[in-house]
Amino acid sequence: MQFFQDHILSVILFTPTVGAILMLFIRGDRENVHRWMGNLFGMLGFLVSLPLVIRLGENWNTFNPALADFQFVEDVEWIPSIGARYALGVDGISLLLVLLTTLLGAIAILSSWSAITKRVKEYYILMLLLQTGMLGVFLALDFFLFYVFWEVMLVPMYFLIGVWGSDRRLYAAIKFFLYTLAGSVLMLLAILGMYFTYAQQTGVYTFDIRTLLEAVPGFSPTLQQWLFWGLFFAFAIKVPMFPFHTWLPDAHTEAPTAGSVILAGVLLKMGTYGFLRFSVPMLPDAVKEYSQIMVWVSIVAIIYGALVCMMQKDMKKLIAYSSVSHLGFCTLGIFALTPHGLSGSLLQQINHGLSTGALFLIVGVLYERRHTRMIADFGGLSTPMPGFAAIYLIVSLASLGMPLLNGFIGEFTILRGVFEVNKHWAAWGVVGIVLGAAYLLWLYQRVMFGSVTREENQHLPDLNLREYATLVPLVVLCFWIGIYPKPFFEIIDPPMHRIVNRVNPGYYLVDPVKPLPAPSTETGITSATPGSVEVPPQEQR
Amino acid sequence: MTTPLPYFLDSIWLIPLFPLGTAALMLFFGRRLPNSAVSMLCVGSVLVSFVYSVGAFLQLRAWPFAALGYWPEKVLFDWVSLGAYHTDTRQLAQFTAEWGFLLDPLSAVMILVVTGVGLLIHIYSIGYMGHEGGYYRFFGYMNLFMFSMLTLVLANNLLLMFVGWEGVGLCSYLLIGFYFLRKSASDAGKKAFIVNRVGDAGFLLGIFLTAATLGTIKFAELGPAIQQMGLSVGAPALTAIGLLLFVGATGKSAQLPLYTWLPDAMEGPTPVSALIHAATMVTAGVYMVTRTNAIYQMAPEALAVVAIVGALTAFYAATMGLVQNDIKRVLAYSTISQLGYMFLACGVGAYIAGIFHLMTHAFFKALLFLAAGSVIHALSGEQDMQKMGALWNRVPVTARTMFVAALAIAGIPPLAGFFSKDEILWKTWSSGGIGQILWLLGAVTALLTAFYMFRLINLTFFGQSRVPKEVDHHVHESPAVMTAPLVVLAVLSVVGGWVGIPAALGGSNHFEHWLEPVISQPAGVARAVALADEAHHDPAEYVLMVVSVLLALLGIGLARYIYIRREGLADQLAARWCGLHRLLFRKYYVDELYDALFVNRAKDLGTTLAAFDRHVIDGWGVDGSAWFTRFTSRVSIWWDTWIVDGLVNLTAWVVGVFSYPFRWLQTGRVQNYALVFALGVLILLAYYLRGIL
Amino acid sequence: MPTLFPNPEELALILPQIWLAVFGLAILLLDFLLGPRQKWVNAFGALLGVLASGVALWRLRGVHAVGVPGFGGAIVVDPFFVFFGFLFLASTALVILLSVHYLEVEEEHRGEYYALMLFATVGMMFLAAGTDLVVIFVALETMAASFYVLTGYLRRDKRSNEAALKYLLLGAFSSGLLAYGFSVLYGMAGSTRLTEIGYAFRTPSNEIFPVVALVAVAAGLFFKVAAVPFHQWAPDVYEGAPTPVTAYVSVASKAASFAVLMRLFLVVFEPMRANWELLLGGIALATMTWGNLAALTQTNVKRLLAYSSIAHVGYILLGLVAGNETGLKGMAFYLFAYAFMNTGAFAIVILLRRKGVIGDELDDMNGLIYRNPTAAVLMVIFLISLAGIPPTAGFLGKYFIFLSLIESQHYLLAVFAVLYIVPAVYYYFRIVVHMWLREATDAARPVISPAQAVALAVCTLVTLGALLYAEPFVRLATYSLLGSVVR
Amino acid sequence: MVEQFTFYFFAALAVISAVLVITVRNAVYSAVFLITTLLATAGIFLQLRAEFLFVVQIILYVGGIMVLFVFVVMLVDLDIALRQVQFNRQKWVALLVVLAVAGQLVFALALGSEALGLPAAAPESLEPNTESLGLRLFESYMLPFEIASILLLVAMIGAVLLGKRQKPPRSEP
Amino acid sequence: MIPTSHYLYLALALFTIGVLGVLTRRNVIIILMSIELILNAVNINLVAFARHFGSVDGQIFAIFVVTAAAAEAAIGLGIIIAFFRNRETVLADEMDMLKW
């Protein structure tokens with residue numbers, strides 16, 4: 001138990017790898033064994049990540065949002081001669097993303113049960129390795145380690161798209177790979193630049209993110225700008241921000257369902273995670289200087305993505321472009337550089353993971369039944385598939401930002417933050433919301449409403465238990481975040497406030513006319529207990 | 001600071017929850033329930049809500065507001081609590097939106113109307129929807145709607161109101177598209193939702209601006225915050241908030257220019273039209289403007305816009321109502337028109353009159369729709385008035401109750417509509433400024449209203465029967481479960497106005513006194529209300545009353561003359577002014593205009609951008625020389641075949657372009673290599689000798 | 001009074017080479033005694049020789065930083081030499097393991113092959129140790145001559161003939177140029193010892209002879225490492241040579257040439273750094289460009305790997321351009337990593353060789369994942385490493401190079417260098433595509449022989465281990481720099 | 001004077017025969033002219049007081065290597081070779097490039113030799129040098145000497161291995 | 001007394017001719033001869049410098065160059081014979097199986 005407490009992050013990180021290695025030794029033709037093993041370890045990966053937030057016993061320490069530091073830190077030497085360490089840790093920024101990754105990983109694996117019929121063994125092994133890669137990116141506290149995971153992850157994803165994708169999979173896979181690689185190699189240069197400059201200043205060679213987070217803002221402005229652009233390309237391509245998004249529709253469209261879920265749910269978050277973790281806090285001056293450009297690029301992405309969505313004939317492509325639009329909100333929030341913008345952006349990343357992940361699962365459900373993703377091939381599915389219709393509707397609404405569902409909270413918070421900086425930006429963002437409603441509902445309508453136009457669709461089976469099992473958790477989470485997002489904000493807010501303090505040091509000190517109430521840490525009913533009224537200030541009559 | 005709340009006031013949060021519970025039940029398990037259980041559960045839950053509303057209302061009457069200075073509020077928990085931010089005045093504020101429910105006289109009136117009318121419509125639906133497929137789904141949506149509407153009404157802050165706001169929009173979308181097998185129905189649903197989203201965008205920005213300006217979005221704190229921030233009357237920020245919120249209201253309440261979705265929304269089942277598109281949801285805008293009157297009172301320009309838009313909409317929609325043949329569409333335009341009245345009232349500062357009209361309108365318009373539904377039901381789904389007529393005795397209860405409703409809406413005393421409409425017209429007249437012009441518009445609208453309502457009555461119930469043969473022998477009165485609500489509503493249409501009989505007619509205007517505490521009256525803006533009070537015995541009030549009654553009678557008479565006495569005159573008139581007729585009939589071509597302006601342009605833009613993506617970004621930015629390719633026709637043929645075949649991917653081609661020159665140098669001839677070698681030496685030497693020379 | 005015969009201490013310095021030579025001769029004799037089925041004993045003997053040499057070399061590991069000069073300064077035994085010596089021995093051993101089965105398939109299994117490999121290793125080791133122009137020249141010729149013969153070893157194979165002839169003609173041509181450069185060096189210093197020449201360079205009597213010498217010598221060495229524009233032999237030779245020889249040429253010969261290149265540039269030409277830094281940068285850039293771009297459309301795996309190896313040369317040269325400690329460490333580490341990952345990649349190509357199938361076309365790779373999953377997976381690891389993607393040794397090698405460029409402020413070169421990873425991934429993954437994503441066109445299932453398994457295991461372990469457990473490997477690279485080559 | 005005459009005679013002979021080596025059509029003539037060049041070079045070696053090298057040049061080069069050449073020239077089909085075009089298609093470009101390089105080198109030598117500055121050592125200091133050469137060879141250059149033995153061994157193996165008539169293959173590779 | 005530079009020019013001339021031979025002659029054997037010319041030129045250089053410095057090192061170097069030349073010639077001719085047996089040609093530009 002104590003071991004688990006001390007090394008929980010390593011356990012989380014390597015549980016999937018252990019599964020993958022075990023599966024290596026099982027013969028490839030025993031497909032069901034692999035399916036069970038894959039699901040077992042996917043689920044296990046999720047379960048071992050839960051103790052981060054759920055107490056296991058008397059002496060168990062869960063994540064404490066009140067602490068400013070990284071938690072559950074593991075830090076041992078790895079390559080001492082270059083100063084690289086095996087350092088893991090989570091804070092409010094990464095915790096939710098880690099949980100999202102483990103959850104979506106498990107769900108994605110579960111969703112592949114019947115969809116994957118060829119090369120089952122390799123599939124599950126790669127899924128599990130991918131899982132480790134993604135978790136490593138979020139957990140690493142050492143730049144070297146971070147970069148290793150950042151790139152490691154590309155390889156399994158390449159194979160997932162390339163082997164199990166649809167018609168143009170080769171093109172999509174290599175495009176994905178090369179595109180993201182091009183960005184990340186530039187990031188490598190930026191990382192090396194930081195590493196070297198820090199060593200020049202202090203004589204200490206280290207990749208430690210915590211150290212560099214403190215040191216890099218002290219570098220010369222010119223260098224900071226170069227570092228910003230170096231990091232920018234890696235993250236912007238991953239997000240993807242506007243001019244770098246063209247890999248995304250191809251990759252999402254061609255990937256197998258689980259691959260799309262992971263791509264949309266987790267991989268894209270790495271870009272925004274990078275901005276939040278590195279670009280903004282490390283290079284506050286450069287970020288401030290370029291925030292205008294970034295904001296406009298984000299706005300273009302929001303609107304552009306939404307407009308392009310309208311014209312898509314392929315469901316997956318539509319959803320892929322919707323990701324461009326939604327991630328535009330995330331970057332918009334980040335580069336507004338206000339607490340709300342940042343918090344909302346992080347929450348919206350989680351939201352997007354849940355709702356777009358679910359949308360891809362939904363397309364996967366249809367694809368598995370009909371082997372087509374063309375919108376025109378469907379229509380009127382509400383009749384044969386009522387359960388599916390209900391879930392799909394909820395997920396669509398979550399994605400388009402319906403209140404009570406998660407998307408609304410995220411978009412609202414982002415726009416609130418953006419509004420504070422510039423009202424026009426927020427107005428453009430709102431335009432994106434309107435368009436979002438248009439394309440998602442139109443899609444829903446074309447697929448689900450009307451009479452069944454095709455004979456094949458007449459008797460499509462409704463969701464089975466396994467498919468419910470993949471979708472319902474996501475739907476529940478959508479509602480949870482939509483109705484009671486406070487626990488999430490409690491985790492997200494403190495690190496975001498620290499970021500704002502770095503970028504905009506005077507932010508919380510300006511004219512404190514209204515004293516801020518102490519942030520409440522308890523959950524549940526706070527400001528009013530049942531049976532009491534809160535007294536508003538005396539109203540002037 | 002806290003006083004224990006009496007039971008019903010403490011339980012107001014349950015009022016929306018009852019319908020939500022049954023809605024969830026219906027949507028997830030309804031398919032397995034028999035229809036009777038569905039009816040019991042759904043109607044029952046609304047009944048419980050209604051009972052709780054009445055209980056809360058009664059206990060609210062006993063609420064010692066004067067002593068306490070605040071209204072009962074029930075906060076469940078923090079919902080969106082985002083921490084600090086800067087307001088426009090660079091002060092730090094805490095953004096908090098709670099799951100909090102506020103019951104004050106205004107919301108008390110609203111929940112009574114919503115649950116009351118809703119209950120009646122639910123009962124009616126048992127009969128009306130009894131034979132439709134998806135019965136459970138219908139009731140699930142209806143109860144979801146009830147939940148949303150009640151949340152909207154009871155919310156204690158703008159954001160939670162927005163939840164209800166979006167929720168009703170969604171339910172509206174779902175219910176309009178209920179007959180989802182019909183493409184027109186699902187199109188209409190989508191249109192409603194998207195047009196509403198446009199409005200919602202304004203609402204959302206309004207919320208942001210409120211928070212940014214005032215540092216709070218709680219209704220109860222708006223007024224004090226304005227004071228505290230030292231904002232004066234007509235402050236630009238407040239005007240902006242007012243306008244933005246009003247954009248939201250125009251969407252939801254189908255005002256110019258966002259009204260186009262409402263007539264199309266008639267694709268939904270008739271009870272839906274009654275509940276959502278007449279009695280409750282569409283009035284949300286009026287409610288919201290009244291709810292935030294603390295802001296509007298300080299923003300006279302915004303208020304003026306509200307008034308003007310309201311008056312124009314009232315008139316404009318009435319003109320379109322004149323020529324429609326679909327019975328429900330006439331009612332839809334009528335609704336828009338009446339909503340215009342309500343906004344007109346709000347716009348001149350007579351919020352209470354607006355809410356009053358909202359209430360009475362809920363009664364008689366719900367009745368009109370339900371009765372229309374009953375007629376349609378009787379005629380096996382026929383909605384075209386050209387194919388009705390002479391039904392007066394064949395559907396007696398329906399016809400008589402509808403007649404009452406028509407009188408009410410036309411403003412014939414002492415029916416409900418008379419009092420509320422008259423109140424509005426009088427307040428408009430007396431508000432000064434452009435008030436009298438607006439009054440004129442309102443008065444003409446009253447004439448038109450009376451005319452088209454009785455056109456409807458006449459075409460439907462009187463004159464020659466134009467009912468087709470095969471339908472004719474099926475005509476029957478609706479069952480009691482449908483007619484009973486009609487009767488109840490008819491009674492309400494008659495007596496509903498009596499709670500607000502103005503002092504001028506010897507009444508005590510209970511309604512106004514009840515609502516007065518929620519209307520904020522800052523010193524400078526109290527003009528309209530003060531004026532109204534001063535003019536207590538203004539003889540003009542009586543003159544106007546008479547004028548409006550006369551106009552109503554004129555309208556009724558004209559309708560009778562044209563459609564009963566001189567059959568065929570209508571067509572002659574239509575032929576005489578065919579341009580005007582067509583313009584009206586085609587609803588001023590606004591739908592076409594919007595399609596051309598926005599919808600198609602957005603689609604075009606989408607196509608263009610997609611093409612841009614394909615060709616320019618992929619082809620130019622990423623894949624380098626593809627740009628060149630596009631301009632050389634010969635190669636572009638290749639290009640197309642490659643794309644079409646999907647065999648050769650572009651990247652490979654481009655890298656090939658770079659790759660082949662290097663490959664061609666690799667001739668395989670050893671002496672070529674040696675020559676390149678020598679060339680290398682030559683270059684190396686040249687590089688150095690250049691430096692030495 | 002100098003003695004005509006070396007004392008035992010001096011002999012100990014060249015004991016590794018002596019063992020190799022002795023075993024080489026022994027194999028030549030032994031070969032006569034062996035029947036056609038027993039030829040593997042030759043390989044075993046060669047391995048023993050490598051082992052013996054390795055042991056002898058191991059005992060030299062303690063040499064201090066400036067090294068122990070031997071034979072009147074003709075050679076020096078320093079950590080630099082020890083490092084490269086081990087590298088040569090390791091790659092020789094790997095290639096021997098890979099050769100056994102291959103030669104049996106080719107029906108050319110003879111002792112000369114292994115003897116030549118050992119002699120080539122002797123040449124390479126003297127090359128790394130040499131501090132005298134004559135030693136360097138003769139050692140280079142020994143190595144080269146062995147490779148000419150090995151390349152043409154398959155006498156009946158037209159491609160092998162052609163490759164050998166091309167290699168020889170161009171190699172001799174470049175040797176001529178190199179010798180010309182050496183003669184000018186001698187003419188400058190009046191001595192053949194590198195240290196003396198180094199002095200002459202520090203106090204040049206004129207500025208033109210150094211330039212001529214530099215150009216001639218550099219061109220000769222660039223030819224050996226296959227840098228643009230002196231690289232064109234490489235693809236043809238790599239394609240035509242027997243695959244184990246290709247692996248050997250691409251790994252060992254390259255490492256040896258780099259060893260001498262580093263020694264010459266850092267000991268002799270260092271004073272002229274300002275003169276050649278930019279030039280070397282340009283050549284490195286051109287090399288990366290040409291190698292990467294030409295590799296993009298290759299259809300023959302060996303040829304593709306040949307072009308890719310040219311690209312790798314560009315990367316390694318960049319370390320020399322940076323010239324700082326990181327850069328040199330990077331070169332050493334890169335060469336080390338390259339030896340294992342590249343040998344691994346060629347090992348997979350060797351696996352595919354069987355009767356009637358040469359197995360070096362991309363299409364021969366089709367569906368390898370079905371036919372031999374282990375091979376396909378390992379190939380992916382090697383290719384990833386070659387491309388420089390973690391978690392592999394290749395990444396760490398590139399890491400050092402990039403870091404050194406940043407440290408020495410060659411930012412533009414750094415950007416180009418990192419971006420060239422992208423096309424590299426593209427062409428390496430073409431192989432992956434054929435292995436993983438194409439349906440098998442060939443039903444045969446390649447079998448991994450025990451010897452190949454050992455070689456593959458070693459390659460894999462080092463390729464992965466050099467990043468995952470990098471510390472000892474980085475130390476090794478650091479150790480190599482203790483030698484006299486570093487300022 | 002004699003010395004200068006000797007030098008220029010041998011130099012001219014060497015250059016002219018060298019040009020003939022690469023221009024004559026018949027490979028046998030080429031070989032003969034190469035021998036002439038090598039002999040002329042030997043003469044220059046003698047003139048440079050490198051007696052041992054003079055001997056090596058004649059015995060090893062002319063006597064050994066050139067015999068090999070002639071032998072091979074005879075072995076490959078002579079008649080066909082004679083009728084073929086002797087120069088490849090890049091000859092003019094090659095000529096241009098080579099002349100350019102040569103020009104650069106001449107330029108470099110012209111600049112460099114002036115700066116070389118050292119007066120030529122007296123010829124007597126080198127005489128007789130075979131003994132000193134031998135001592136030096138086994139004193140300082142013993143190691144390359146040993147390596148050269150391996151080189152020659154490799155060459156021997158190689159020549160035997162490659163030149164040997166091959167067995168007919170047992171099966172198609 | 002002949003200046004050292006004259007020997008260098010002579011060597012350069014032979015070197016140039018040798019390179020030209022390598023670059024232009026089609027017959028592989030003649031190419032190999034041209035390479036011998038190049039190495040011969042190097043030897044002249046070395047011996048000239050040896051006299052220049054009054055040391056025998058250059059001459060010793062020259063001996064090794066001759067050795068290397070001999071080795072290359074032997075191997076080269078061996079390869080040519082093997083090549084000729086397979087391909088029935090000794091022309092350099094017909095040697096283009098391996099390209100691109």
# chains A, B, ... in the order shown; residues from 1 in each chain; ligands from 1
call {"tool": "closest_atom_pairs", "arguments": {"of": "chain E", "to": "chain D", "cutoff": "6 Å", "atoms": "only C-alpha atoms", "output": "JSON lines"}}
result
{"residue": "E:Ser5", "atom": "CA", "partner": "D:Ser113", "partner_atom": "CA", "distance": 5.9}
{"residue": "E:Gly21", "atom": "CA", "partner": "D:Ile22", "partner_atom": "CA", "distance": 5.2}
{"residue": "E:Thr24", "atom": "CA", "partner": "D:Lys91", "partner_atom": "CA", "distance": 5.0}
{"residue": "E:Arg25", "atom": "CA", "partner": "D:Phe87", "partner_atom": "CA", "distance": 4.7}
{"residue": "E:Arg26", "atom": "CA", "partner": "D:Phe87", "partner_atom": "CA", "distance": 5.5}
{"residue": "E:His52", "atom": "CA", "partner": "D:Ala120", "partner_atom": "CA", "distance": 5.1}
{"residue": "E:Gly54", "atom": "CA", "partner": "D:Ala121", "partner_atom": "CA", "distance": 5.8}
{"residue": "E:Val56", "atom": "CA", "partner": "D:Leu133", "partner_atom": "CA", "distance": 5.9}
{"residue": "E:Ala71", "atom": "CA", "partner": "D:Ala155", "partner_atom": "CA", "distance": 5.0}
{"residue": "E:Ala74", "atom": "CA", "partner": "D:Ala159", "partner_atom": "CA", "distance": 5.7}
{"residue": "E:Ile75", "atom": "CA", "partner": "D:Ala159", "partner_atom": "CA", "distance": 5.0}
{"residue": "E:Gly78", "atom": "CA", "partner": "D:Gly163", "partner_atom": "CA", "distance": 4.6}
{"residue": "E:Ile79", "atom": "CA", "partner": "D:Leu162", "partner_atom": "CA", "distance": 5.8}
{"residue": "E:Ile81", "atom": "CA", "partner": "D:Gly163", "partner_atom": "CA", "distance": 5.9}
{"residue": "E:Ala82", "atom": "CA", "partner": "D:Gly163", "partner_atom": "CA", "distance": 5.9}
call {"tool": "residues_around", "arguments": {"residues": "Leu465 of chain A", "least_positions_apart": "6", "cutoff": "12 Å", "atoms": "only C-alpha atoms", "output": "PyMOL selection string"}}
result
chain A and resi 110-111+387-388+471-472
call {"tool": "closest_atom_pairs", "arguments": {"of": "chain C", "to": "chain E", "cutoff": "8 Å", "atoms": "only C-alpha atoms", "output": "CSV"}}
result
residue,atom,partner,partner_atom,distance
C:Val134,CA,E:Phe61,CA,6.0
C:Val138,CA,E:Phe64,CA,7.0
C:Glu141,CA,E:Ala68,CA,6.5
C:Ala145,CA,E:Glu72,CA,6.9
C:Tyr148,CA,E:Ile75,CA,7.6
C:Val149,CA,E:Ile75,CA,7.1
C:Gly152,CA,E:Ile79,CA,7.0
C:Arg155,CA,E:Ala82,CA,6.2
C:Arg156,CA,E:Asn86,CA,6.9
C:Asp157,CA,E:Asn86,CA,7.9
C:Lys158,CA,E:Asn86,CA,6.3
C:Arg159,CA,E:Met97,CA,6.8
C:Asn161,CA,E:Phe83,CA,5.3
C:Glu162,CA,E:Met95,CA,6.5
C:Ala163,CA,E:Leu98,CA,7.6
C:Ala164,CA,E:Ile79,CA,7.0
C:Leu165,CA,E:Ile79,CA,6.2
C:Leu168,CA,E:Gly76,CA,6.5
C:Leu169,CA,E:Leu32,CA,7.0
C:Ala172,CA,E:Ile35,CA,6.8
C:Phe173,CA,E:Ile35,CA,6.1
C:Gly176,CA,E:Leu39,CA,5.5
C:Leu177,CA,E:Ile38,CA,8.0
C:Ala179,CA,E:Val42,CA,6.4
C:Tyr180,CA,E:Val42,CA,5.2
C:Ser183,CA,E:Leu46,CA,5.5
C:Val184,CA,E:Asn45,CA,7.7
C:Tyr186,CA,E:Phe49,CA,7.4
C:Gly187,CA,E:Phe49,CA,5.4
C:Gly190,CA,E:Phe53,CA,5.9
C:Ser191,CA,E:Asp57,CA,7.0
C:Thr192,CA,E:Asp57,CA,7.3
C:Pro235,CA,E:Lys99,CA,7.9
C:Asp236,CA,E:Leu98,CA,5.3
C:Glu239,CA,E:Leu98,CA,7.3
C:Gly240,CA,E:Leu98,CA,7.1
C:Gln298,CA,E:Trp100,CA,7.9
call {"tool": "select_by_dssp", "arguments": {"residues": "chain E", "states": "alpha helix (DSSP H)", "output": "PyMOL selection string"}}
result
chain E and resi 4-24+28-53+57-87
call {"tool": "interface_residues", "arguments": {"of": "chain C", "to": "chain A", "cutoff": "7 Å", "atoms": "only C-alpha atoms", "output": "VMD selection string"}}
result
chain C and resid 389 to 391 403 406 to 407 418 to 419 422 437 470 to 471
call {"tool": "interface_residues", "arguments": {"of": "chain B", "to": "chain E", "cutoff": "7 Å", "atoms": "only C-alpha atoms", "output": "short mmCIF file (atom, residue, chain, number, x, y, z; two decimals) with N, CA and C atoms, in the first residue's frame"}}
result
data_model
loop_
_atom_site.label_atom_id
_atom_site.label_comp_id
_atom_site.auth_asym_id
_atom_site.auth_seq_id
_atom_site.Cartn_x
_atom_site.Cartn_y
_atom_site.Cartn_z
N ARG B 663 18.06 11.90 -57.70
CA ARG B 663 18.22 10.55 -58.22
C ARG B 663 18.85 10.57 -59.60
N TRP B 664 18.44 11.55 -60.40
CA TRP B 664 18.96 11.57 -61.77
C TRP B 664 20.46 11.79 -61.80
N GLN B 666 22.38 10.44 -59.94
CA GLN B 666 22.96 9.13 -59.66
C GLN B 666 22.79 8.26 -60.90
N THR B 667 23.65 8.54 -61.90
CA THR B 667 23.43 7.92 -63.20
C THR B 667 23.82 6.47 -63.24
N GLY B 668 24.58 6.04 -62.28
CA GLY B 668 25.11 4.68 -62.34
C GLY B 668 26.43 4.62 -63.07
N ARG B 669 26.85 5.73 -63.69
CA ARG B 669 28.12 5.72 -64.43
C ARG B 669 29.21 6.22 -63.51
N VAL B 670 30.19 5.40 -63.36
CA VAL B 670 31.20 5.68 -62.35
C VAL B 670 31.95 6.97 -62.65
N GLN B 671 32.08 7.28 -63.94
CA GLN B 671 32.85 8.47 -64.26
C GLN B 671 32.06 9.75 -64.00
N ALA B 674 32.84 10.41 -60.55
CA ALA B 674 34.17 10.99 -60.41
C ALA B 674 34.15 12.45 -60.82
N LEU B 675 33.34 12.76 -61.83
CA LEU B 675 33.25 14.14 -62.28
C LEU B 675 32.65 15.01 -61.19
#
call {"tool": "closest_atom_pairs", "arguments": {"of": "chain B", "to": "chain C", "cutoff": "6 Å", "atoms": "only C-alpha atoms", "output": "JSON lines"}}
result
{"residue": "B:Ser659", "atom": "CA", "partner": "C:Ala294", "partner_atom": "CA", "distance": 4.7}
{"residue": "B:Phe662", "atom": "CA", "partner": "C:Ala294", "partner_atom": "CA", "distance": 5.3}
{"residue": "B:Arg663", "atom": "CA", "partner": "C:Ala294", "partner_atom": "CA", "distance": 5.6}
{"residue": "B:Val670", "atom": "CA", "partner": "C:Lys166", "partner_atom": "CA", "distance": 6.0}
{"residue": "B:Tyr673", "atom": "CA", "partner": "C:Gln232", "partner_atom": "CA", "distance": 5.8}
{"residue": "B:Phe677", "atom": "CA", "partner": "C:Phe230", "partner_atom": "CA", "distance": 5.1}
{"residue": "B:Gly680", "atom": "CA", "partner": "C:Pro229", "partner_atom": "CA", "distance": 5.7}
call {"tool": "atom_distance", "arguments": {"atom1": "atom CA of Phe33 of chain D", "atom2": "atom CA of Val90 of chain E"}}
result
19.9 Å
call {"tool": "interface_residues", "arguments": {"of": "chain C", "to": "chain D", "cutoff": "9 Å", "atoms": "only C-alpha atoms", "output": "number ranges by chain"}}
result
C: 2-6, 21, 71-75, 105-107, 112, 115-116, 119-120, 122-123, 126, 134-139, 141-143, 145-146, 148-150, 152-157, 188, 205-209, 211-212, 354-358
call {"tool": "residues_around", "arguments": {"residues": "Gly344 of chain C", "least_positions_apart": "3", "cutoff": "10 Å", "atoms": "only C-alpha atoms", "output": "number ranges by chain"}}
result
C: 94-95, 98, 247, 338-341, 347-350, 375, 378-379, 381-383, 452, 455-460, 463
call {"tool": "interface_residues", "arguments": {"of": "chain B", "to": "chain D", "cutoff": "8 Å", "atoms": "only C-alpha atoms", "output": "compact mmCIF listing (two decimals) with N, CA and C atoms, in the first residue's frame"}}
result
# COMPACT_ATOMS: atom_id res chain seq x y z
N ASN B 672 30.75 9.63 -64.07
CA ASN B 672 29.94 10.79 -63.65
C ASN B 672 30.20 11.09 -62.20
N LEU B 675 33.34 12.76 -61.83
CA LEU B 675 33.25 14.14 -62.28
C LEU B 675 32.65 15.01 -61.19
N ALA B 678 35.21 15.61 -58.74
CA ALA B 678 36.13 16.66 -59.16
C ALA B 678 35.49 18.02 -59.03
N LEU B 679 34.23 18.09 -59.37
CA LEU B 679 33.53 19.36 -59.22
C LEU B 679 33.54 19.80 -57.77
N VAL B 681 35.75 19.13 -55.55
CA VAL B 681 37.08 19.66 -55.25
C VAL B 681 37.22 21.06 -55.81
N LEU B 682 36.72 21.23 -57.03
CA LEU B 682 36.79 22.54 -57.67
C LEU B 682 36.10 23.58 -56.80
N LEU B 685 38.04 24.23 -53.55
CA LEU B 685 39.21 25.06 -53.79
C LEU B 685 38.80 26.49 -54.09
N ALA B 686 37.79 26.61 -54.91
CA ALA B 686 37.34 27.95 -55.27
C ALA B 686 36.94 28.71 -54.02
N LEU B 689 40.24 29.71 -52.36
CA LEU B 689 41.08 30.63 -53.13
C LEU B 689 40.39 31.98 -53.26
call {"tool": "residues_around", "arguments": {"residues": "Phe419 of chain A", "least_positions_apart": "2", "cutoff": "12 Å", "atoms": "only C-alpha atoms", "output": "VMD selection string"}}
result
(chain A and resid 332 to 333 336 to 341 411 to 417 421 to 430) or (chain B and resid 85 to 88 204 to 213)
